[in-house]
Structures are given as C-alpha cells and as structure tokens.
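K.L.:
Structure: data01.cif, mmCIF, C-alpha atoms.
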```cif
data_model
#
loop_
_atom_site.label_atom_id
_atom_site.label_comp_id
_atom_site.auth_asym_id
_atom_site.auth_seq_id
_atom_site.Cartn_x
_atom_site.Cartn_y
_atom_site.Cartn_z
CA MET A 6 154.13 54.35 -28.47
CA ASP A 7 157.34 54.71 -26.25
CA ALA A 8 156.53 58.47 -24.99
CA ARG A 9 154.26 56.92 -22.45
CA VAL A 10 157.07 56.67 -19.88
CA SER A 11 158.70 60.04 -20.38
CA VAL A 12 156.95 62.02 -17.59
CA VAL A 13 156.04 61.13 -14.02
CA VAL A 14 152.47 62.26 -13.57
CA GLU A 15 151.79 64.82 -10.94
CA GLY A 16 148.37 65.70 -9.64
CA GLY A 17 146.16 66.17 -6.68
CA GLN A 18 148.24 68.83 -4.97
CA ARG A 19 145.62 71.50 -5.45
CA ALA A 20 143.18 69.61 -3.27
CA LEU A 21 145.18 70.63 -0.24
CA ASN A 22 144.52 74.29 -1.02
CA SER A 23 140.96 73.97 -2.26
CA GLY A 24 139.27 74.47 1.08
CA HIS A 25 138.25 70.85 1.40
CA GLY A 26 141.41 69.64 3.11
CA SER A 27 139.61 69.17 6.40
CA THR A 28 137.32 66.54 4.88
CA LEU A 29 140.19 64.37 3.66
CA ASP A 30 140.98 61.20 5.55
CA GLY A 31 144.49 60.40 6.69
CA GLY A 32 145.30 58.18 3.70
CA ALA A 33 144.17 60.74 1.14
CA ARG A 34 146.04 63.55 2.91
CA GLN A 35 149.23 61.47 3.05
CA PHE A 36 148.90 60.70 -0.66
CA LEU A 37 148.47 64.38 -1.54
CA ASN A 38 151.47 65.29 0.63
CA GLN A 39 153.52 62.70 -1.27
CA GLN A 40 152.42 64.30 -4.53
CA GLN A 41 153.53 67.72 -3.28
CA GLN A 42 156.92 66.36 -2.20
CA SER A 43 157.35 64.74 -5.61
CA LEU A 44 156.67 68.04 -7.35
CA GLN A 45 159.09 69.91 -5.05
CA GLN A 46 161.79 67.33 -5.71
CA GLN A 47 161.15 67.58 -9.45
CA THR A 48 161.68 71.34 -9.25
CA GLN A 49 164.80 71.03 -7.08
CA ILE A 50 166.75 68.78 -9.43
CA GLY A 51 166.40 71.20 -12.32
CA THR A 52 165.47 70.72 -15.94
CA ALA A 53 168.82 69.33 -17.10
CA SER A 54 168.93 66.68 -14.37
CA GLN A 55 165.30 65.83 -14.99
CA LEU A 56 165.97 65.28 -18.69
CA LEU A 57 169.06 63.21 -17.87
CA ALA A 58 167.01 61.01 -15.53
CA GLY A 59 164.37 60.46 -18.19
CA GLY A 60 166.93 59.67 -20.88
CA ILE A 61 168.79 57.15 -18.72
CA ALA A 62 165.53 55.53 -17.61
CA GLY A 63 164.35 55.13 -21.19
CA ALA A 64 167.68 53.75 -22.41
CA PHE A 65 167.96 51.29 -19.50
CA SER A 66 164.39 50.09 -19.97
CA LYS A 67 164.89 49.58 -23.70
CA THR A 68 168.11 47.64 -23.14
CA CYS A 69 166.42 45.32 -20.65
CA THR A 70 163.57 44.53 -23.05
CA ALA A 71 165.53 44.65 -26.35
CA PRO A 72 165.12 40.91 -27.16
CA LEU A 73 161.32 41.16 -26.87
CA ALA A 74 161.33 44.42 -28.82
CA ARG A 75 163.18 42.76 -31.69
CA LEU A 76 160.79 39.79 -31.68
CA THR A 77 157.87 42.23 -31.84
CA ILE A 78 159.36 44.03 -34.86
CA LEU A 79 160.09 40.75 -36.68
CA PHE A 80 156.50 39.60 -36.19
CA GLN A 81 155.09 42.97 -37.25
CA VAL A 82 156.90 42.98 -40.61
CA GLN A 83 156.53 39.24 -41.19
CA GLY A 84 153.46 39.52 -43.40
CA MET A 85 155.18 41.75 -45.94
CA HIS A 86 157.26 39.06 -47.71
CA SER A 87 155.94 35.77 -46.28
CA ASP A 88 153.36 33.36 -47.62
CA VAL A 89 150.29 32.23 -45.69
CA ALA A 90 151.83 28.86 -44.74
CA THR A 91 154.83 30.57 -43.18
CA LEU A 92 152.62 32.95 -41.21
CA LYS A 93 150.58 30.09 -39.77
CA LYS A 94 153.73 28.39 -38.45
CA ALA A 95 155.05 31.52 -36.78
CA SER A 96 155.49 31.47 -33.00
CA ILE A 97 157.55 33.36 -30.46
CA TRP A 98 159.64 30.36 -29.42
CA ARG A 99 160.28 29.26 -33.03
CA GLU A 100 161.47 32.74 -34.00
CA ALA A 101 163.59 33.05 -30.83
CA SER A 102 165.19 29.67 -31.59
CA ARG A 103 165.88 30.74 -35.16
CA ILE A 104 167.65 33.91 -33.98
CA LEU A 105 169.73 31.94 -31.47
CA ASN A 106 170.74 29.24 -33.97
CA GLU A 107 171.30 31.39 -37.06
CA GLU A 108 172.48 34.71 -35.64
CA GLY A 109 173.71 34.00 -32.13
CA PHE A 110 172.72 35.24 -28.68
CA ARG A 111 173.96 38.81 -29.25
CA ALA A 112 171.54 39.16 -32.16
CA PHE A 113 168.68 39.61 -29.68
CA TRP A 114 170.13 43.08 -29.09
CA LYS A 115 170.55 43.86 -32.80
CA GLY A 116 169.70 47.52 -33.32
CA ASN A 117 169.84 48.32 -29.60
CA LEU A 118 172.66 50.84 -30.03
CA VAL A 119 170.50 52.95 -32.32
CA THR A 120 167.60 52.40 -29.92
CA ILE A 121 169.64 53.99 -27.14
CA ALA A 122 170.81 56.74 -29.50
CA HIS A 123 167.14 57.40 -30.28
CA ARG A 124 165.86 57.10 -26.72
CA LEU A 125 168.21 59.62 -25.10
CA PRO A 126 167.33 62.64 -27.29
CA TYR A 127 163.72 61.48 -27.58
CA SER A 128 163.26 61.54 -23.82
CA SER A 129 165.09 64.85 -23.51
CA VAL A 130 162.94 66.55 -26.16
CA ASN A 131 159.81 65.00 -24.68
CA PHE A 132 160.53 66.27 -21.16
CA TYR A 133 161.42 69.76 -22.30
CA ALA A 134 158.45 70.00 -24.66
CA TYR A 135 156.05 68.64 -22.04
CA GLU A 136 157.01 71.30 -19.49
CA HIS A 137 156.83 74.02 -22.17
CA TYR A 138 153.42 72.94 -23.46
CA LYS A 139 152.06 72.40 -19.94
CA ASN A 140 152.98 75.93 -18.87
CA LEU A 141 151.58 77.29 -22.11
CA LEU A 142 148.28 75.42 -21.80
CA GLN A 143 147.70 76.40 -18.17
CA GLY A 144 147.25 79.99 -19.28
CA MET A 145 144.83 79.20 -22.08
CA PRO A 146 141.40 80.88 -21.61
CA PHE A 147 139.40 77.76 -22.47
CA LEU A 148 141.14 75.90 -19.62
CA GLU A 149 141.19 78.73 -17.10
CA ARG A 150 137.39 78.94 -17.30
CA ARG A 151 137.13 75.41 -15.90
CA ARG A 152 136.13 75.49 -12.23
CA ASP A 153 137.17 71.95 -11.37
CA ASN A 154 140.91 71.75 -10.76
CA ALA A 155 141.02 68.01 -11.37
CA GLY A 156 139.45 68.41 -14.81
CA LYS A 157 141.83 71.22 -15.70
CA ASP A 158 144.89 69.24 -14.55
CA PHE A 159 143.75 66.22 -16.58
CA SER A 160 143.19 68.31 -19.72
CA VAL A 161 146.55 70.05 -19.43
CA ARG A 162 148.35 66.75 -18.86
CA LEU A 163 146.56 65.07 -21.74
CA LEU A 164 147.08 67.85 -24.28
CA GLY A 165 150.60 68.68 -23.14
CA GLY A 166 151.71 65.07 -23.23
CA GLY A 167 150.24 64.51 -26.69
CA LEU A 168 151.89 67.60 -28.14
CA ALA A 169 155.21 66.74 -26.49
CA GLY A 170 155.11 63.22 -27.88
CA ILE A 171 154.43 64.52 -31.39
CA THR A 172 157.28 67.01 -31.07
CA ALA A 173 159.76 64.41 -29.82
CA ALA A 174 158.71 61.82 -32.42
CA SER A 175 159.13 64.31 -35.26
CA ALA A 176 162.54 65.46 -34.04
CA THR A 177 164.04 61.98 -33.65
CA TYR A 178 162.11 59.98 -36.26
CA PRO A 179 165.03 59.07 -38.59
CA LEU A 180 166.71 57.19 -35.73
CA ASP A 181 163.48 55.31 -35.07
CA LEU A 182 163.28 54.24 -38.72
CA VAL A 183 166.93 53.14 -38.75
CA ARG A 184 166.33 51.16 -35.54
CA THR A 185 163.45 49.31 -37.18
CA ARG A 186 165.47 48.38 -40.24
CA LEU A 187 168.47 47.20 -38.25
CA ALA A 188 166.31 45.11 -35.92
CA ALA A 189 164.35 43.58 -38.83
CA GLN A 190 167.52 42.20 -40.49
CA LYS A 191 168.02 38.46 -40.21
CA SER A 192 170.97 36.43 -41.48
CA VAL A 193 171.55 38.69 -44.52
CA ILE A 194 173.07 42.01 -43.37
CA TYR A 195 172.21 44.91 -45.68
CA TYR A 196 172.77 47.79 -43.26
CA ARG A 197 176.10 47.61 -41.40
CA GLY A 198 175.36 50.18 -38.72
CA ILE A 199 173.63 53.46 -37.94
CA TRP A 200 175.59 55.73 -40.29
CA HIS A 201 175.73 53.16 -43.08
CA ALA A 202 171.96 52.72 -42.83
CA ILE A 203 171.33 56.48 -42.95
CA HIS A 204 173.67 56.88 -45.94
CA THR A 205 172.15 53.92 -47.80
CA ILE A 206 168.57 55.06 -47.24
CA CYS A 207 169.36 58.59 -48.43
CA ARG A 208 171.16 57.24 -51.52
CA GLU A 209 168.48 54.70 -52.51
CA GLU A 210 165.27 56.38 -51.31
CA GLY A 211 166.20 60.03 -50.96
CA PHE A 212 166.25 62.14 -47.81
CA ILE A 213 162.49 61.75 -47.49
CA GLY A 214 163.05 58.02 -47.03
CA LEU A 215 164.25 58.75 -43.50
CA TYR A 216 160.72 59.94 -42.70
CA ARG A 217 158.82 57.04 -44.25
CA GLY A 218 155.95 56.16 -41.91
CA LEU A 219 156.04 59.43 -39.96
CA GLY A 220 152.32 60.04 -40.52
CA ALA A 221 151.34 56.72 -38.95
CA THR A 222 153.74 57.38 -36.08
CA LEU A 223 152.25 60.78 -35.26
CA LEU A 224 148.72 59.37 -35.44
CA GLY A 225 149.70 56.74 -32.89
CA VAL A 226 151.66 58.97 -30.51
CA ALA A 227 148.81 61.21 -29.32
CA PRO A 228 146.27 58.48 -28.40
CA SER A 229 149.03 56.29 -26.98
CA ILE A 230 150.14 58.97 -24.54
CA ALA A 231 146.58 60.01 -23.74
CA ILE A 232 145.59 56.46 -22.79
CA SER A 233 148.84 55.76 -20.96
CA PHE A 234 148.77 58.86 -18.78
CA SER A 235 145.06 58.67 -17.97
CA VAL A 236 145.28 54.98 -16.98
CA PHE A 237 148.51 55.47 -15.02
CA ASP A 238 147.21 58.51 -13.14
CA THR A 239 143.84 56.90 -12.33
CA PHE A 240 145.36 53.69 -10.99
CA LYS A 241 148.17 55.40 -9.07
CA SER A 242 145.86 57.95 -7.45
CA SER A 243 143.38 55.26 -6.43
CA TRP A 244 146.12 52.94 -5.17
CA LEU A 245 147.97 55.50 -3.03
CA SER A 246 144.77 56.98 -1.63
CA GLN A 247 143.81 53.52 -0.35
CA ARG A 248 147.32 52.28 0.51
CA PRO A 249 149.48 55.39 1.15
CA ASN A 250 152.23 53.42 2.89
CA ASP A 251 153.08 51.27 -0.14
CA PRO A 252 156.48 52.09 -1.71
CA PRO A 253 155.79 54.72 -4.41
CA VAL A 254 158.46 53.25 -6.71
CA LEU A 255 156.80 49.83 -6.72
CA VAL A 256 153.39 51.44 -7.21
CA SER A 257 154.80 53.29 -10.21
CA PHE A 258 156.08 49.99 -11.61
CA ALA A 259 152.71 48.27 -11.26
CA CYS A 260 150.61 51.16 -12.56
CA GLY A 261 153.05 51.83 -15.38
CA SER A 262 152.81 48.22 -16.49
CA ILE A 263 149.01 48.40 -16.55
CA SER A 264 149.06 51.64 -18.52
CA GLY A 265 151.51 50.10 -20.98
CA ILE A 266 149.18 47.18 -21.65
CA ALA A 267 146.19 49.49 -22.15
CA SER A 268 148.08 51.83 -24.46
CA SER A 269 149.61 49.04 -26.55
CA SER A 270 146.28 47.25 -26.95
CA ALA A 271 144.61 50.38 -28.29
CA THR A 272 147.36 51.62 -30.62
CA PHE A 273 149.13 48.42 -31.72
CA PRO A 274 147.55 48.30 -35.23
CA LEU A 275 148.90 51.79 -35.97
CA ASP A 276 152.31 50.75 -34.68
CA LEU A 277 152.29 47.66 -36.91
CA VAL A 278 151.35 49.71 -39.98
CA ARG A 279 154.07 52.20 -39.09
CA ARG A 280 156.68 49.42 -39.00
CA ARG A 281 155.49 48.03 -42.32
CA ILE A 282 155.71 51.42 -44.01
CA GLN A 283 159.17 51.96 -42.51
CA MET A 284 160.31 48.71 -44.12
CA GLU A 285 159.05 49.66 -47.59
CA GLY A 286 161.91 49.42 -50.07
CA ALA A 287 164.36 48.27 -47.42
CA ALA A 288 167.40 46.26 -48.62
CA GLY A 289 166.41 46.88 -52.23
CA ARG A 290 163.17 44.90 -52.01
CA ALA A 291 160.12 45.77 -54.05
CA ARG A 292 157.49 47.98 -52.48
CA VAL A 293 154.45 46.14 -51.12
CA TYR A 294 152.13 48.99 -50.16
CA ASN A 295 151.59 51.90 -52.51
CA THR A 296 148.28 53.29 -51.26
CA GLY A 297 149.23 55.25 -48.15
CA LEU A 298 148.16 54.69 -44.55
CA VAL A 299 144.52 53.75 -45.17
CA GLY A 300 145.44 51.57 -48.13
CA THR A 301 148.03 49.72 -46.03
CA PHE A 302 145.40 48.97 -43.39
CA GLY A 303 143.08 47.63 -46.10
CA HIS A 304 145.81 45.51 -47.70
CA ILE A 305 146.73 43.88 -44.40
CA ILE A 306 143.10 43.10 -43.56
CA ARG A 307 142.48 41.59 -47.03
CA THR A 308 145.60 39.42 -47.06
CA GLU A 309 146.01 38.53 -43.39
CA GLY A 310 142.63 39.23 -41.81
CA LEU A 311 141.98 41.39 -38.74
CA ARG A 312 144.42 39.24 -36.79
CA GLY A 313 147.14 40.55 -39.06
CA LEU A 314 146.83 43.98 -37.43
CA TYR A 315 147.80 42.42 -34.10
CA ARG A 316 150.67 40.26 -35.35
CA GLY A 317 153.32 40.40 -32.63
CA ILE A 318 151.01 41.66 -29.86
CA LEU A 319 152.09 38.86 -27.49
CA PRO A 320 155.80 39.76 -27.40
CA GLU A 321 154.68 43.39 -27.22
CA TYR A 322 152.81 42.61 -23.99
CA TYR A 323 155.83 40.71 -22.67
CA LYS A 324 157.89 43.81 -23.44
CA VAL A 325 155.70 46.61 -22.09
CA VAL A 326 154.81 44.98 -18.76
CA PRO A 327 158.39 45.08 -17.43
CA GLY A 328 159.56 47.84 -19.79
CA VAL A 329 157.21 50.64 -18.76
CA GLY A 330 157.48 49.66 -15.12
CA ILE A 331 161.29 49.62 -15.25
CA ALA A 332 161.31 53.05 -16.87
CA PHE A 333 159.12 54.58 -14.16
CA MET A 334 161.13 52.93 -11.38
CA THR A 335 164.46 54.00 -12.86
CA TYR A 336 163.27 57.55 -13.40
CA ASP A 337 162.13 57.88 -9.78
CA PHE A 338 165.38 56.35 -8.49
CA ILE A 339 167.68 58.58 -10.56
CA LYS A 340 165.58 61.64 -9.71
CA LEU A 341 166.11 60.82 -6.03
CA LEU A 342 169.87 60.44 -6.53
CA LEU A 343 170.10 63.78 -8.34
CA SER A 344 168.05 65.61 -5.75
CA PRO A 345 170.19 68.01 -3.65
CA ASN A 346 168.23 67.04 -0.55
CA PRO A 347 167.45 63.30 -0.84
CA ASN A 348 165.23 61.90 1.87
#
```
Would you give me this structure, written as structure tokens?
P.N.:
Amino acid sequence: MDARVSVVVEGGQRALNSGHGSTLDGGARQFLNQQQQSLQQQTQIGTASQLLAGGIAGAFSKTCTAPLARLTILFQVQGMHSDVATLKKASIWREASRILNEEGFRAFWKGNLVTIAHRLPYSSVNFYAYEHYKNLLQGMPFLERRRDNAGKDFSVRLLGGGLAGITAASATYPLDLVRTRLAAQKSVIYYRGIWHAIHTICREEGFIGLYRGLGATLLGVAPSIAISFSVFDTFKSSWLSQRPNDPPVLVSFACGSISGIASSSATFPLDLVRRRIQMEGAAGRARVYNTGLVGTFGHIIRTEGLRGLYRGILPEYYKVVPGVGIAFMTYDFIKLLLSPNPN
C-alpha cells in the first residue's frame, strides 16, 4: 500500500515535440514546461540523491502519521482474538484513550523505529527498480507499436510502478512483518525490539515465518500503485493545465492525498487480511486462520460480516490524507535542495 508515494510522476513532455505544440494554450504550455523542468532536475540530482530524497520523504511522512498508523493496525487485527461485544464497542477515541492511559503517550509511536528502518530501504529499492523497469519497458515491442505517446507513457508508468512495488515489498518484507507485530502489542510486551522480534519469530515459527502474509502483500501492491499513480497523474495534469501558476508542491500534496484515499479504499481489504496473516501465531497465540488467503477472507466475512474487511478504514483515511501529501511535498523539497542548480 505504501509504494504509492515513492515516485513523482512525470508526463506530458512529449507533447511539446509532437507537432501539436502550436495548438496548446498558454496554461497547457506552461504546465508542460514545468514537467520538462522537473524531469531535468530529476536527472541532475542523480540516482543516489533521488533515492535519498525518497527515503527521507517516506520516513518523515511515516513518523508524522505513526499514531494513526498504529490505530489502523490495532483495528485491523482486532477481530482475531476479540468477541462480538468487544468489536461493537470499538472506536477510534476509545482505543486512543486506552493507549494513552495504559501505555503512555510515547506508545503511539510504538514500532516506528522499525517503520523507518523499513521505509528507507523500501523507498531506495522502489526508486531504483522503477527506473530500471521503466527503461526496460520503453523498449518493449508491444509498447513501441503504440502510436499515442500518452497511452504509452501511462502503460510504462503503470507496469513499471507495479513491478517496482513488488520488488521492493519482497526485498524488505521481514521488516514490514516485524513492524506490524511491534505496533500490535498492547500492555503485554512479547517482542522487545527489532532484533529480538526477528530472533523470536525465527525460533518459534521458522525462517519462513518472516514472510507470513507475503502473498497478500504482493497482491495488494500492484493494484494499489496502479490506482494511486493513475489518480495522482490525472488530477495533477488536469489541475496544472487549468491553474499553472499554483505552487506545484501544494498541488502534489492535494493530488497525493486524493490518490491515497482512492488507493486505500480499493485495496484496504487485502491490507487487512495481510495484517491478520502477519499476526498468526504471534506471541505464542493459537492460529486463527489455517485456510490461506481466500479462506481468511471467507472466515472474516462469516464471523464479522463485510464490514469486517474494512475494520480500521477511518484511521486509515486520517493517515493517508496527510501522509501521502507530506511524502510528495517532502520529496519535491529535498529534490530541490539536492539539485546542483536550484531555482
């Protein structure tokens, strides 16, 4: 779900060279010039600086929204070991009050260190893989035969982003699982930190336990990125073509927030199932789901109803609206700072 903010979308630059530039109005031409300048700046700062900017942006965004992220995780795994009466009483403010009273204010950031440890390499792998896959896909015969540049750019972006997200998720998945387990702990502490959690999981569940839920994660990554990038690009292109003088950073914040909502709405059930599978056998508890991904979906629907698949969607919305926007804004700002010729 979180790969959605790893790349600033470029597009539209080919229109200036397509032979139709004379028909563009001033606003559209200014927007396309801004897109070209963005691409030139992206090239100037180099791959290493670009990856650094993405990693810092992701880590900063996650830190800002960590309390809401933890509330989301607690709601997502709530149905595993809670009775119906407890589920009906659940609310964001009640759970937030419980954390504050029982665990203290700092507990809202429980698991954030591993989140940052996960986000930095995740963003780095995602950026590198995206550029690699994008260059690879641009030379593919089935895409080169397309006459419309816009359609080709969209296809390359969509496929490249999906493949990059899958690559990054696979490479850094154990840290994602550890983050979930640390954040899901309440007053009883079973895992005492990142390395203790990794050691305990390997001892009790085997090395494969670090990859529990990977299938559900990979199934959610591709559509999440596809929806996020398509919505972000559509809104940003439309916005800047109509209002080219608006600050691009603020436009990125607004459009990123919208894309985050769209992506989360579509892929939240998969994310919830992923969290539940990640928590299987955690802290020595008995396994709840033993029927795989499809069986877990069925079990949740039978015991909690369709609403159970969207348990925690409200704090998720509260998280992604500022979170995705902050990540885009931070990325643009750091990219500007690292540019050798800042404007």
K.L.:
Output the residue selection produced by the PyMOL selection byres ((chain A and resi 171) around 9) on the file above, formatted as a PDB file with C-alpha atoms, keeping the file's coordinate frame.
P.N.:
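As written to disk, out-v8.pdb reads:
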```
ATOM      1  CA  ASN A 131     159.810  65.000 -24.680  1.00  0.00           C
ATOM      2  CA  GLY A 166     151.710  65.070 -23.230  1.00  0.00           C
ATOM      3  CA  GLY A 167     150.240  64.510 -26.690  1.00  0.00           C
ATOM      4  CA  LEU A 168     151.890  67.600 -28.140  1.00  0.00           C
ATOM      5  CA  ALA A 169     155.210  66.740 -26.490  1.00  0.00           C
ATOM      6  CA  GLY A 170     155.110  63.220 -27.880  1.00  0.00           C
ATOM      7  CA  THR A 172     157.280  67.010 -31.070  1.00  0.00           C
ATOM      8  CA  ALA A 173     159.760  64.410 -29.820  1.00  0.00           C
ATOM      9  CA  ALA A 174     158.710  61.820 -32.420  1.00  0.00           C
ATOM     10  CA  SER A 175     159.130  64.310 -35.260  1.00  0.00           C
ATOM     11  CA  ALA A 176     162.540  65.460 -34.040  1.00  0.00           C
ATOM     12  CA  THR A 222     153.740  57.380 -36.080  1.00  0.00           C
ATOM     13  CA  LEU A 223     152.250  60.780 -35.260  1.00  0.00           C
ATOM     14  CA  LEU A 224     148.720  59.370 -35.440  1.00  0.00           C
ATOM     15  CA  VAL A 226     151.660  58.970 -30.510  1.00  0.00           C
ATOM     16  CA  ALA A 227     148.810  61.210 -29.320  1.00  0.00           C
TER      17      ALA A 227
END
```
K.L.:
Counting only C-alpha atoms, note down every residue that has an atom within 10 Å of the point (158.6, 52.8, -6.9) (file coordinates), as a list of chain:residue names.
P.N.:
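Here the neighbourhood of the point contains A:Asp251, A:Pro252, A:Pro253, A:Val254, A:Leu255, A:Val256, A:Ser257, A:Phe258, A:Ala259, A:Cys260, A:Gly330, A:Ile331, A:Phe333, A:Met334, A:Thr335, A:Tyr336, A:Asp337, A:Phe338.
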K.L.:
Can you turn the PyMOL selection byres ((chain A and resi 127) around 10) into a concrete residue list for this file, as a list in words?
P.N.:
Asp7, Ala8, Ser11, Leu56, Gly59, Gly60, Gly63, Ile121, Ala122, His123, Arg124, Leu125, Pro126, Ser128, Ser129, Val130, Asn131, Phe132, Gly170, Thr172, Ala173, Ala174, Ser175, Ala176, Thr177, Tyr178, Leu180 and Asp181 of chain A
K.L.:
In Å to one decimal, how far is atom CA of Phe240 of chain A from atom CA of Ile78 of chain A?
P.N.:
29.3 Å
K.L.:
Evaluate the PyMOL selection byres ((chain A and resi 312) around 12) and record the selected residues as a short mmCIF file (atom, residue, chain, number, x, y, z; two decimals) with C-alpha atoms, keeping the file's coordinate frame, following the chain and residue labels used in the document.
P.N.:
```cif
data_model
loop_
_atom_site.label_atom_id
_atom_site.label_comp_id
_atom_site.auth_asym_id
_atom_site.auth_seq_id
_atom_site.Cartn_x
_atom_site.Cartn_y
_atom_site.Cartn_z
CA GLN A 81 155.09 42.97 -37.25
CA GLY A 84 153.46 39.52 -43.40
CA LEU A 92 152.62 32.95 -41.21
CA LYS A 93 150.58 30.09 -39.77
CA PHE A 273 149.13 48.42 -31.72
CA PRO A 274 147.55 48.30 -35.23
CA LEU A 277 152.29 47.66 -36.91
CA PHE A 302 145.40 48.97 -43.39
CA ILE A 305 146.73 43.88 -44.40
CA ILE A 306 143.10 43.10 -43.56
CA ARG A 307 142.48 41.59 -47.03
CA THR A 308 145.60 39.42 -47.06
CA GLU A 309 146.01 38.53 -43.39
CA GLY A 310 142.63 39.23 -41.81
CA LEU A 311 141.98 41.39 -38.74
CA GLY A 313 147.14 40.55 -39.06
CA LEU A 314 146.83 43.98 -37.43
CA TYR A 315 147.80 42.42 -34.10
CA ARG A 316 150.67 40.26 -35.35
CA GLY A 317 153.32 40.40 -32.63
CA ILE A 318 151.01 41.66 -29.86
#
```
K.L.:
Name the residues within 7 Å of (148.8, 54.3, -31.5), counting all atoms listed in the file in the file's coordinates, and put them as a ChimeraX atom specification.
P.N.:
/A:6,224-226,228-229,271-273,275-276
K.L.:
Interatomic distance between atom CA of Glu100 of chain A and atom CA of Thr77 of chain A?
P.N.:
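Calculated distance between atom CA of Glu100 of chain A and atom CA of Thr77 of chain A is 10.4 Å.
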K.L.:
Which residue out of A:Ala71, A:Gly51, A:Lys340, A:Pro327 has the minimum interatomic distance to Tyr133 of chain A when only C-alpha atoms are used?
P.N.:
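Of A:Ala71, A:Gly51, A:Lys340, A:Pro327, the one nearest Tyr133 of chain A is A:Gly51, counting only C-alpha atoms.
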K.L.:
Would you compute the distance between atom CA of Ile61 of chain A and atom CA of Thr120 of chain A? Give it in Å to one decimal.
P.N.:
12.2 Å
K.L.:
Write out as a VMD selection string the residues lying within 8 Å of Arg184 of chain A, counting all atoms listed in the file and excluding same-chain residues fewer than 2 positions away.
P.N.:
chain A and resid 116 to 117 119 to 120 180 to 182 186 to 188
K.L.:
Could those selected residues go to a file with C-alpha atoms, as a compact mmCIF listing (two decimals), keeping the file's coordinate frame?
P.N.:
```txt
# COMPACT_ATOMS: atom_id res chain seq x y z
CA GLY A 116 169.70 47.52 -33.32
CA ASN A 117 169.84 48.32 -29.60
CA VAL A 119 170.50 52.95 -32.32
CA THR A 120 167.60 52.40 -29.92
CA LEU A 180 166.71 57.19 -35.73
CA ASP A 181 163.48 55.31 -35.07
CA LEU A 182 163.28 54.24 -38.72
CA ARG A 186 165.47 48.38 -40.24
CA LEU A 187 168.47 47.20 -38.25
CA ALA A 188 166.31 45.11 -35.92
```
K.L.:
Neighbouring residues of segment 283-285 of chain A were defined as those with any atom within 7 Å, considering all atoms listed in the file; residues of the same chain fewer than 4 positions away were excluded. Please report them as a ChimeraX atom specification.
P.N.:
/A:182,186,217-218,279,292-293
K.L.:
So which one's closest to Val329 of chain A, A:Phe110, A:Tyr294, A:Phe234, A:Trp244? Using all atoms listed in the file, please.
P.N.:
A:Phe234
K.L.:
Which residue out of A:Leu219, A:Ile263, A:Val183, A:Ala101 has the minimum interatomic distance to Gly328 of chain A when all atoms listed in the file are used?
P.N.:
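The closest residue to Gly328 of chain A is A:Ile263.
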K.L.:
Restricting the calculation to only C-alpha atoms, which member of A:Lys324, A:Lys157, A:Arg197, A:Arg281 is positioned closest to Arg75 of chain A?
P.N.:
A:Lys324
K.L.:
Calculated over only C-alpha atoms, which of the candidates A:Asn106, A:Ser242, A:Thr185, A:Ser269 has the smallest distance to Phe80 of chain A?
P.N.:
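The shortest atom-to-atom distance to Phe80 of chain A comes from A:Thr185.
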